[in-house]
Amino acid sequence: MFRYFQTLLNAGQVINSWTSKPTVARFLTTANQMDKPKVLVTREDIPKSALSILEEKCELEVMPNKSPISRTDLLNKISGKHGIFCFLTDKIDKEVLDQAGSQLKVIGTMSVGYDHLDLNEIKKRNITVGYTPGVLTAPTAELTVALTLATTRRLFEAHDEIANGGWAKCSWGPLWMCGSGLVGAKVGIVGLGSIGLAVAKRLLPFEVAKIMYCGRHEKPEAAAQVLGEYVTFDQLLQESDVVIIMCPLNDTTRNMFGPTQFALMKPNAVLINTSRGGVVDQDALVNALKTGQIAAAGLDVMTPEPLPADHELTKLKNCVLIPHIGSATLQTRTTMATMTAQNIVNALEGKPMPAQLC
């Protein structure tokens with residue numbers, strides 16, 4: 001009998017040890033960690049608020065770099081992951097998807113553009129894609145107007161004249177550093193989407209004479225807000241003093257601006273591109289700028305990116321270059337990062353994403 005009660009007592013102690021709060025907590029923590037989906041973040045320099053969203057629900061592997069992940073690292077690290085937090089610089093194609101494995105469920109890209117994603121391959125595998133539309137409209141429109149002013153008024157070139165002593169030598173020449181103004185200018189916008197419309201609205205106070213636009217379809221409701229006129233692409237090129245590229249990059253728009261198009265433009269015309277570098281044939285642009293087919297160009301986007309420091313475009317005074325900073329405000333980048341993180345978490349939990357591409 002004594003042995004019987006001793007056995008019961010020992011069993012009770014074992015049960016108590018297993019059901020004590022610290023032990024249960026440790027057990028549950030371990031279990032939760034095992035159940036968490038694995039997510040790769042391809043660089044570390046993203047807002048902490050986005051990482052916090054992911055850390056709460058996922059097991060993260062954050063690449064310890066503040067530059068684009070190398071192709072080798074991407075292929076090595078993607079294996080076994082359920083999700084990936086990526087950027088425009090990360091090419092997600094068949095090779096990466098094959099390496100990832102069938103458990104990959106979601107791709108969250110911190111961008112509006114998605115030409116770095118092989119959507120055909122992604123859709124074949126039923127992988128969900130989240131992106132960040134709408135967030136970039138205001139800051140990109142602001143930047144586009146700023147770039148337009150900097151290019152038409154030759155601001156970068158004027159700054160250089162101070163540094164190189166040119167100002168001291170000019171003796172206030174009446175035509176020295178004269179650019180073109182926006183008052184009375186005819187502006188052509190290639191692609192009157194949300195950002196194109198936002199740009200047009202911001203240009204109206206500068207008293208432009210006319211806003212024209214072209215695209216696959218006429219957009220009467222949007223155009224009415226800026227008194228915009230729908231014209232053909234050729235007509236827009238022939239009549240515009242400022243041509244602003246706002247269309248996405250796809251098979252139809254790739255190299256949309258080439259020798260033929262530059263030949264149609266006015267010699268005083270200024271080209272602005274804050275969309276995608278691939279829309280413009282850069283060799284043709286260099287030639288147009290050198291030969292005076294057009295007056296100047298302002299580019300926030302180029303091919304490739306980053307543009308080599310010794311590229312021909314960097315040597316042209318009539319070409320204003322800035323390093324793809326259309327969305328570069330702290331508020332915008334933070335919103336983009338948190339939206340990307342929430343897209344990933346929601347997809348992994350089977351919930352609607354804030355912004356789903358496919």
# chains A, B, ... in the order shown; residues from 1 in each chain; ligands from 1
call {"tool": "residues_around", "arguments": {"residues": "stretch 245-259 of chain A", "least_positions_apart": "5", "cutoff": "8 Å", "atoms": "only C-alpha atoms", "output": "list in words"}}
result
Gly113, Asp115, Ile189, Val190, Gly191, Leu192, Gly193, Ile195, Gly196, Leu271, Ile272, Asn273, Thr274, Ser275, Arg276, Gly278, Val279, Val280, Asp281, Ala284, Leu285 and Ala288 of chain A
call {"tool": "residues_around", "arguments": {"residues": "A:Ala50", "least_positions_apart": "5", "cutoff": "9 Å", "atoms": "only C-alpha atoms", "output": "MDAnalysis selection string"}}
result
chainID A and resid 55 334:342
call {"tool": "closest_residue", "arguments": {"among": "A:Gln356, A:Asn346, A:Ser67, A:Ser180", "to": "A:Leu54", "atoms": "only C-alpha atoms"}}
result
A:Asn346
call {"tool": "select_by_dssp", "arguments": {"residues": "stretch 99-280 of chain A", "states": "alpha helix (DSSP H)", "output": "PyMOL selection string"}}
result
chain A and resi 99-100+119-124+137-152+155-163+166-170+194-203+220-224+233-239+259-264
call {"tool": "residues_around", "arguments": {"residues": "A:Thr42", "least_positions_apart": "3", "cutoff": "9 Å", "atoms": "only C-alpha atoms", "output": "short mmCIF file (atom, residue, chain, number, x, y, z; two decimals) with C-alpha atoms, in the first residue's frame"}}
result
data_model
loop_
_atom_site.label_atom_id
_atom_site.label_comp_id
_atom_site.auth_asym_id
_atom_site.auth_seq_id
_atom_site.Cartn_x
_atom_site.Cartn_y
_atom_site.Cartn_z
CA GLU A 61 15.97 35.95 -41.83
CA VAL A 62 17.10 39.51 -42.52
CA MET A 63 20.08 39.90 -44.81
CA PRO A 64 22.75 42.00 -43.03
CA ASN A 65 23.33 44.40 -45.90
CA PRO A 68 20.77 44.92 -52.93
CA ILE A 69 21.15 41.23 -52.12
CA LEU A 74 19.18 35.29 -52.99
CA ILE A 84 9.94 37.06 -49.18
CA PHE A 85 10.13 40.82 -48.57
CA CYS A 86 11.84 42.15 -51.71
CA PHE A 87 12.60 45.28 -53.72
CA ASP A 90 15.59 41.75 -56.58
#
call {"tool": "select_by_dssp", "arguments": {"residues": "stretch 6-204 of chain A", "states": "strand (DSSP E or B)", "output": "PyMOL selection string"}}
result
chain A and resi 38-41+59-62+83-86+92+106-109+117+128-130+186-190
call {"tool": "closest_residue", "arguments": {"among": "A:Asp241, A:Gln235, A:Ala263, A:Pro139", "to": "A:Arg202", "atoms": "only C-alpha atoms"}}
result
A:Pro139
call {"tool": "closest_residue", "arguments": {"among": "A:Thr329, A:Asn318, A:Asn126, A:Ser52", "to": "A:Thr140", "atoms": "only C-alpha atoms"}}
result
A:Thr329
call {"tool": "closest_residue", "arguments": {"among": "A:Leu60, A:Leu147, A:Val112, A:Ala295", "to": "A:Pro133", "atoms": "only C-alpha atoms"}}
result
A:Val112
call {"tool": "residues_around", "arguments": {"residues": "A:Leu182", "least_positions_apart": "5", "cutoff": "9 Å", "atoms": "only C-alpha atoms", "output": "PyMOL selection string"}}
result
chain A and resi 149+152+187+203+206-209+241-242
call {"tool": "write_last_selection", "arguments": {"atoms": "N, CA and C atoms", "output": "short mmCIF file (atom, residue, chain, number, x, y, z; two decimals), in the first residue's frame"}}
result
data_model
loop_
_atom_site.label_atom_id
_atom_site.label_comp_id
_atom_site.auth_asym_id
_atom_site.auth_seq_id
_atom_site.Cartn_x
_atom_site.Cartn_y
_atom_site.Cartn_z
N LEU A 149 11.23 71.56 -63.18
CA LEU A 149 11.74 72.91 -62.93
C LEU A 149 13.27 72.93 -62.98
N THR A 152 14.18 72.52 -66.84
CA THR A 152 13.84 73.65 -67.72
C THR A 152 14.59 74.91 -67.34
N VAL A 187 2.38 71.17 -72.29
CA VAL A 187 2.91 70.01 -71.58
C VAL A 187 2.20 68.75 -72.06
N LEU A 203 0.96 71.21 -62.03
CA LEU A 203 1.49 72.11 -63.05
C LEU A 203 0.55 73.26 -63.39
N PHE A 206 1.30 76.88 -62.47
CA PHE A 206 2.40 77.51 -63.18
C PHE A 206 1.94 78.18 -64.48
N GLU A 207 0.64 78.15 -64.72
CA GLU A 207 0.04 78.83 -65.87
C GLU A 207 0.51 78.27 -67.21
N VAL A 208 0.60 76.94 -67.25
CA VAL A 208 0.91 76.32 -68.54
C VAL A 208 -0.23 76.59 -69.51
N ALA A 209 0.10 76.65 -70.79
CA ALA A 209 -0.91 76.99 -71.79
C ALA A 209 -1.86 75.84 -72.06
N ASP A 241 6.14 71.30 -75.43
CA ASP A 241 7.39 71.92 -75.02
C ASP A 241 8.05 71.09 -73.92
N VAL A 242 7.22 70.42 -73.12
CA VAL A 242 7.70 69.52 -72.07
C VAL A 242 6.96 68.20 -72.22
#
call {"tool": "closest_residue", "arguments": {"among": "A:Lys48, A:Gly134, A:Gly101, A:Cys58", "to": "A:Gly80", "atoms": "only C-alpha atoms"}}
result
A:Gly101
